[in-house]
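Structure file query-v9.cif; described as mmCIF, C-alpha atoms and all ligand atoms.
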data_entry
#
loop_
_atom_site.label_atom_id
_atom_site.label_comp_id
_atom_site.auth_asym_id
_atom_site.auth_seq_id
_atom_site.Cartn_x
_atom_site.Cartn_y
_atom_site.Cartn_z
CA MET A 1 99.42 171.97 125.33
CA ASP A 2 98.80 169.46 128.08
CA LEU A 3 100.33 166.01 128.28
CA TRP A 4 97.21 164.20 127.08
CA GLU A 5 96.91 166.35 124.00
CA MET A 6 100.60 165.86 123.23
CA ALA A 7 100.15 162.10 123.55
CA ILE A 8 97.07 161.97 121.31
CA ARG A 9 98.65 164.22 118.67
CA SER A 10 101.84 162.18 118.71
CA LEU A 11 99.87 158.96 118.24
CA LEU A 12 97.89 160.44 115.34
CA PHE A 13 101.11 161.77 113.85
CA ILE A 14 102.88 158.40 113.90
CA LEU A 15 99.88 156.21 112.93
CA PRO A 16 100.78 156.02 109.18
CA SER A 17 104.23 154.77 110.21
CA TYR A 18 102.76 151.98 112.36
CA PHE A 19 100.59 150.89 109.44
CA ALA A 20 103.61 151.01 107.11
CA ASN A 21 105.51 148.80 109.53
CA ALA A 22 102.68 146.26 109.94
CA THR A 23 101.36 145.98 106.36
CA PRO A 24 104.34 144.01 104.91
CA VAL A 25 103.60 141.21 107.39
CA LEU A 26 100.23 140.80 105.62
CA LEU A 27 101.08 141.79 102.05
CA GLY A 28 104.83 141.17 101.79
CA GLY A 29 106.57 138.25 100.16
CA GLY A 30 108.08 137.41 96.80
CA GLN A 31 111.25 138.93 95.40
CA PRO A 32 113.65 140.06 98.15
CA LEU A 33 114.90 143.65 97.77
CA ASP A 34 118.53 142.51 97.78
CA ALA A 35 117.81 139.94 95.01
CA LYS A 36 119.56 137.41 97.27
CA ARG A 37 122.88 139.23 96.93
CA LYS A 38 125.49 139.01 99.64
CA PHE A 39 127.48 141.82 101.18
CA ALA A 40 131.31 141.84 101.44
CA ASP A 41 131.09 139.97 104.76
CA GLY A 42 129.41 136.99 103.07
CA GLU A 43 126.01 137.61 104.73
CA ARG A 44 122.90 138.71 102.84
CA VAL A 45 122.58 142.48 102.27
CA PHE A 46 119.06 142.62 103.85
CA GLY A 47 117.79 139.04 103.87
CA ASP A 48 114.57 137.34 102.77
CA GLY A 49 112.47 139.35 105.27
CA LYS A 50 112.72 142.53 103.16
CA THR A 51 110.78 142.20 99.92
CA VAL A 52 109.98 144.60 97.07
CA ARG A 53 106.25 144.05 97.55
CA GLY A 54 106.44 144.58 101.31
CA PHE A 55 108.43 147.78 100.83
CA PHE A 56 105.91 149.38 98.46
CA ALA A 57 102.89 148.00 100.31
CA GLY A 58 104.19 149.70 103.46
CA ILE A 59 104.52 153.07 101.74
CA CYS A 60 101.07 152.76 100.14
CA ALA A 61 99.50 151.88 103.50
CA ALA A 62 101.01 154.99 105.08
CA VAL A 63 99.78 157.24 102.25
CA LEU A 64 96.30 155.76 102.64
CA VAL A 65 96.22 156.11 106.43
CA GLY A 66 97.62 159.65 106.23
CA SER A 67 94.97 160.64 103.69
CA ILE A 68 92.16 159.11 105.76
CA GLU A 69 93.42 161.00 108.80
CA GLY A 70 93.15 164.16 106.71
CA LEU A 71 89.50 163.42 105.96
CA ALA A 72 88.82 162.68 109.62
CA LEU A 73 90.81 165.42 111.33
CA LEU A 74 90.90 168.41 108.98
CA GLY A 75 89.31 171.38 110.70
CA SER A 76 88.88 169.56 114.02
CA TRP A 77 90.63 170.50 117.27
CA LEU A 78 93.11 167.69 116.60
CA ASP A 79 93.93 168.87 113.05
CA LEU A 80 97.64 168.15 112.59
CA TYR A 81 98.50 169.89 109.34
CA GLY A 82 95.67 172.20 108.27
CA SER A 83 95.49 170.94 104.68
CA ALA A 84 94.44 167.64 103.10
CA GLN A 85 97.50 167.51 100.84
CA LYS A 86 99.82 167.82 103.81
CA TYR A 87 98.27 164.74 105.43
CA THR A 88 98.94 162.77 102.25
CA ILE A 89 102.49 164.10 101.96
CA ALA A 90 103.12 163.36 105.64
CA GLY A 91 101.81 159.83 105.05
CA PHE A 92 104.20 159.37 102.15
CA LEU A 93 107.18 160.72 104.11
CA LEU A 94 106.33 158.64 107.19
CA GLY A 95 105.91 155.53 105.04
CA SER A 96 109.16 156.09 103.13
CA GLY A 97 111.05 156.80 106.34
CA THR A 98 109.57 153.74 108.03
CA MET A 99 110.57 151.42 105.21
CA ALA A 100 114.02 153.01 104.86
CA GLY A 101 114.66 152.68 108.62
CA ASP A 102 113.36 149.11 108.55
CA LEU A 103 115.80 148.29 105.73
CA LEU A 104 118.73 149.93 107.48
CA GLY A 105 117.81 147.98 110.62
CA SER A 106 117.97 144.70 108.72
CA PHE A 107 121.19 145.75 107.00
CA ILE A 108 122.82 146.35 110.39
CA LYS A 109 121.35 143.12 111.83
CA ARG A 110 122.93 141.14 108.98
CA ARG A 111 126.29 142.87 109.57
CA GLN A 112 125.98 141.83 113.23
CA LYS A 113 125.26 138.26 112.03
CA ILE A 114 121.78 138.31 113.57
CA PRO A 115 119.71 135.92 111.40
CA ARG A 116 116.57 137.07 109.59
CA GLY A 117 113.62 137.11 111.97
CA LYS A 118 115.68 137.12 115.17
CA PRO A 119 114.87 140.15 117.34
CA SER A 120 117.04 143.21 117.93
CA TRP A 121 115.29 145.76 120.07
CA VAL A 122 116.95 148.86 118.64
CA MET A 123 116.87 147.76 114.98
CA ASP A 124 113.31 146.40 115.04
CA GLN A 125 111.65 149.18 116.99
CA LEU A 126 113.65 152.37 117.14
CA MET A 127 115.22 152.48 113.68
CA PHE A 128 111.94 152.72 111.75
CA LEU A 129 110.51 155.17 114.28
CA PHE A 130 113.41 157.63 114.13
CA PHE A 131 113.59 157.45 110.35
CA ALA A 132 109.85 158.02 110.06
CA ILE A 133 110.10 161.09 112.31
CA ALA A 134 113.18 162.42 110.48
CA PHE A 135 111.63 161.98 107.01
CA ALA A 136 108.38 163.67 108.11
CA TYR A 137 110.16 166.49 109.93
CA PRO A 138 109.99 168.97 106.99
CA VAL A 139 106.16 169.00 107.22
CA ALA A 140 105.76 167.99 110.87
CA SER A 141 108.39 169.94 112.82
CA HIS A 142 105.60 171.51 114.92
CA LEU A 143 104.62 168.01 116.11
CA VAL A 144 108.11 166.87 117.04
CA SER A 145 109.61 167.65 120.46
CA LEU A 146 111.81 165.84 122.95
CA GLU A 147 108.66 164.87 124.87
CA SER A 148 106.85 163.57 121.80
CA VAL A 149 109.84 161.52 120.61
CA LEU A 150 110.32 159.97 124.06
CA PHE A 151 106.61 159.26 124.32
CA LEU A 152 106.61 157.60 120.88
CA ALA A 153 109.68 155.52 121.68
CA VAL A 154 107.98 154.12 124.80
CA LEU A 155 104.63 153.69 123.04
CA THR A 156 106.30 151.90 120.12
CA TYR A 157 107.95 149.48 122.54
CA PHE A 158 104.58 148.36 123.90
CA VAL A 159 102.71 148.48 120.57
CA HIS A 160 105.47 146.38 118.99
CA ILE A 161 105.23 143.72 121.69
CA GLY A 162 101.42 143.70 121.56
CA ALA A 163 101.27 143.61 117.74
CA ASN A 164 103.75 140.76 117.47
CA VAL A 165 102.00 138.62 120.09
CA LEU A 166 98.73 139.25 118.22
CA ALA A 167 100.26 138.43 114.82
CA ASN A 168 101.68 135.23 116.30
CA ARG A 169 98.32 134.21 117.80
CA LEU A 170 96.61 134.90 114.47
CA GLY A 171 99.14 132.69 112.73
CA LEU A 172 100.66 135.54 110.69
CA LYS A 173 104.08 135.24 112.31
CA LYS A 174 105.86 132.11 113.43
CA VAL A 175 107.47 133.80 116.44
CA PRO A 176 105.86 136.22 118.93
CA TRP A 177 108.43 139.02 118.32
N1 LIG B 1 108.26 142.17 105.05
C1 LIG B 1 108.38 142.26 103.66
N2 LIG B 1 109.03 143.33 103.11
C2 LIG B 1 109.56 144.31 103.88
C3 LIG B 1 109.44 144.24 105.28
C4 LIG B 1 108.79 143.14 105.84
O1 LIG B 1 107.90 141.38 102.93
N3 LIG B 1 110.19 145.34 103.27
C5 LIG B 1 107.51 141.00 105.61
C6 LIG B 1 108.39 139.74 105.63
O2 LIG B 1 107.54 138.63 105.39
C7 LIG B 1 108.93 139.73 107.04
C8 LIG B 1 107.74 140.27 107.84
O3 LIG B 1 107.15 141.24 106.96
O4 LIG B 1 109.31 138.45 107.46
C9 LIG B 1 108.12 140.87 109.17
O5 LIG B 1 108.97 141.98 109.00
P1 LIG B 1 110.28 142.19 109.88
O6 LIG B 1 110.03 141.77 111.28
O7 LIG B 1 110.73 143.57 109.62
O8 LIG B 1 111.31 141.20 109.16
P2 LIG B 1 112.08 139.92 109.72
O9 LIG B 1 111.58 138.73 108.95
O10 LIG B 1 112.05 139.89 111.20
O11 LIG B 1 113.58 140.14 109.20
P3 LIG B 1 114.78 141.02 109.88
O12 LIG B 1 115.53 140.11 110.79
O13 LIG B 1 115.56 141.43 108.68
O14 LIG B 1 114.15 142.17 110.60
MG MG B 2 111.25 140.89 112.74
#
Written as structure tokens, that's how I'd like the structure from this file.
Amino acid sequence: MDLWEMAIRSLLFILPSYFANATPVLLGGGQPLDAKRKFADGERVFGDGKTVRGFFAGICAAVLVGSIEGLALLGSWLDLYGSAQKYTIAGFLLGSGTMAGDLLGSFIKRRQKIPRGKPSWVMDQLMFLFFAIAFAYPVASHLVSLESVLFLAVLTYFVHIGANVLANRLGLKKVPW
């Protein structure tokens, strides 16, 4: 497999995770997942940025995007999984992993006394990515390699910056990160 094909397959593989990560910005809000509870250190467990609605909206978005990819790619030269169900399952696993990694990232940020909404490069960008890949690994091991993970880490860095600047310009986020 050449480098271009690896890059395109990696992007298609991770796409449900990107959608899971972005959807809560649009559809999140309401009851925070930690119900405003504080951890032993006196800080919030996750903070107001992690809501029940955002969590489930993220997973649903990933299932939807995964399933649509199945319709689009099944049987093509870029087919990732070879069966429609596997695309949906991969979407669910990527979405669950993304939201779990996002939560853990916020949990660690609060333990480090980083306020809700303040950036932390590793927690904001790498945590969700590695959790998404790890959760999806049981159905996607053939798509995961050192090269693909490194490529996705670099890609995520730039997509994250671009998406946040865009969300800020569109008035969806107060800060451009
Ligand atoms: N969001 C949500 N529910 C989630 C994740 C995100 O409602 N489970 C929404 C929130 O409105 C949040 C926005 O998406 O403010 C952006 O998400 P993120 O950058 O992950 O949260 P932050 O507000 O930056 O909080 P943190 O510092 O905990 O990362
Ligand atoms: Mg943030």
Proximity check segment 88-160 of chain A to segment 1-17 of chain A, 12 Å, nearest pairs one decimal Å, all atoms listed in the file, as CSV:
residue,atom,partner,partner_atom,distance
A:Thr88,CA,A:Pro16,CA,9.8
A:Ile89,CA,A:Pro16,CA,11.0
A:Ala90,CA,A:Pro16,CA,8.5
A:Gly91,CA,A:Pro16,CA,5.7
A:Phe92,CA,A:Pro16,CA,8.5
A:Leu93,CA,A:Ser17,CA,9.0
A:Leu94,CA,A:Ser17,CA,5.3
A:Gly95,CA,A:Ser17,CA,5.5
A:Ser96,CA,A:Ser17,CA,8.7
A:Gly97,CA,A:Ser17,CA,8.1
A:Thr98,CA,A:Ser17,CA,5.9
A:Met99,CA,A:Ser17,CA,8.7
A:Ala100,CA,A:Ser17,CA,11.3
A:Gly101,CA,A:Ser17,CA,10.8
A:Asp102,CA,A:Ser17,CA,10.9
A:Gln125,CA,A:Ser17,CA,11.5
A:Leu126,CA,A:Ser17,CA,11.9
A:Met127,CA,A:Ser17,CA,11.8
A:Phe128,CA,A:Ser17,CA,8.1
A:Leu129,CA,A:Ser17,CA,7.5
A:Phe130,CA,A:Ser17,CA,10.4
A:Phe131,CA,A:Ser17,CA,9.7
A:Ala132,CA,A:Ser17,CA,6.5
A:Ile133,CA,A:Ile14,CA,7.9
A:Ala134,CA,A:Ile14,CA,11.6
A:Phe135,CA,A:Ser17,CA,10.8
A:Ala136,CA,A:Phe13,CA,9.5
A:Tyr137,CA,A:Phe13,CA,10.9
A:Val139,CA,A:Phe13,CA,11.0
A:Ala140,CA,A:Phe13,CA,8.3
A:Ser141,CA,A:Phe13,CA,11.0
A:His142,CA,A:Arg9,CA,10.7
A:Leu143,CA,A:Ser10,CA,7.0
A:Val144,CA,A:Ser10,CA,8.0
A:Ser145,CA,A:Met6,CA,9.6
A:Leu146,CA,A:Met6,CA,11.2
A:Glu147,CA,A:Met6,CA,8.3
A:Ser148,CA,A:Ser10,CA,6.0
A:Val149,CA,A:Ser10,CA,8.2
A:Leu150,CA,A:Ser10,CA,10.3
A:Phe151,CA,A:Ala7,CA,7.1
A:Leu152,CA,A:Ser10,CA,7.0
A:Ala153,CA,A:Ser10,CA,10.7
A:Val154,CA,A:Ala7,CA,11.2
A:Leu155,CA,A:Leu11,CA,8.6
A:Thr156,CA,A:Ile14,CA,9.6
A:Val159,CA,A:Leu11,CA,11.1
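The spacing separating atom CA of Ser106 of chain A from atom O10 of ligand LIG 1 (chain B) amounts to 8.0 Å.
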Selection as a VMD selection string: residues within 6 Å of ligand LIG 1 (chain B) by all atoms listed in the file: chain A and resid 24 to 25 28 to 29 47 49 to 51 54 to 55 106 115 to 118
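Closest approach to ligand MG 2 (chain B) among A:Ala57, A:Val45, A:Leu64, A:Ala22 is made by A:Ala22 (distances from only C-alpha atoms and all ligand atoms).
Distance annotation: of A:Leu78, A:Val52, A:Ala72, A:Val63, the residue with the minimal separation from Leu33 of chain A is A:Val52; atom set is all atoms listed in the file.
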Distance query Phe46 of chain A at most 10 Å, only C-alpha atoms, self and fewer than 4 positions along chain excluded, as a PyMOL selection string: chain A and resi 32-39+50-51+102-111+116
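Computed from the coordinates, the atom CA of His160 of chain A to atom CA of Lys173 of chain A distance equals 13.1 Å.
Straight-line separation from atom CA of Arg44 of chain A to atom CA of Tyr157 of chain A: 27.0 Å.
Distances from A:Tyr18, A:Lys113, A:Met123, A:Gly162 to Gly58 of chain A were compared using only C-alpha atoms, and the smallest one belongs to A:Tyr18.
Among the candidate residues A:Leu73, A:Val65, A:Asp124, A:Ala167, the one lying nearest to ligand MG 2 (chain B) is A:Asp124, with distances computed using all atoms listed in the file.
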Nearest-residue call for Ser67 of chain A, choices A:Gln112, A:Leu166, A:Ser83, A:Asn21, using all atoms listed in the file: A:Ser83
Local residues around (96.9, 167.6, 109.0), at most 8 Å away, using all atoms listed in the file, as a count of residues only: 12
A:Ala61, A:Gly30, A:Pro176, A:Pro119 ranked by distance to Asn164 of chain A, top pick (using all atoms listed in the file): A:Pro176
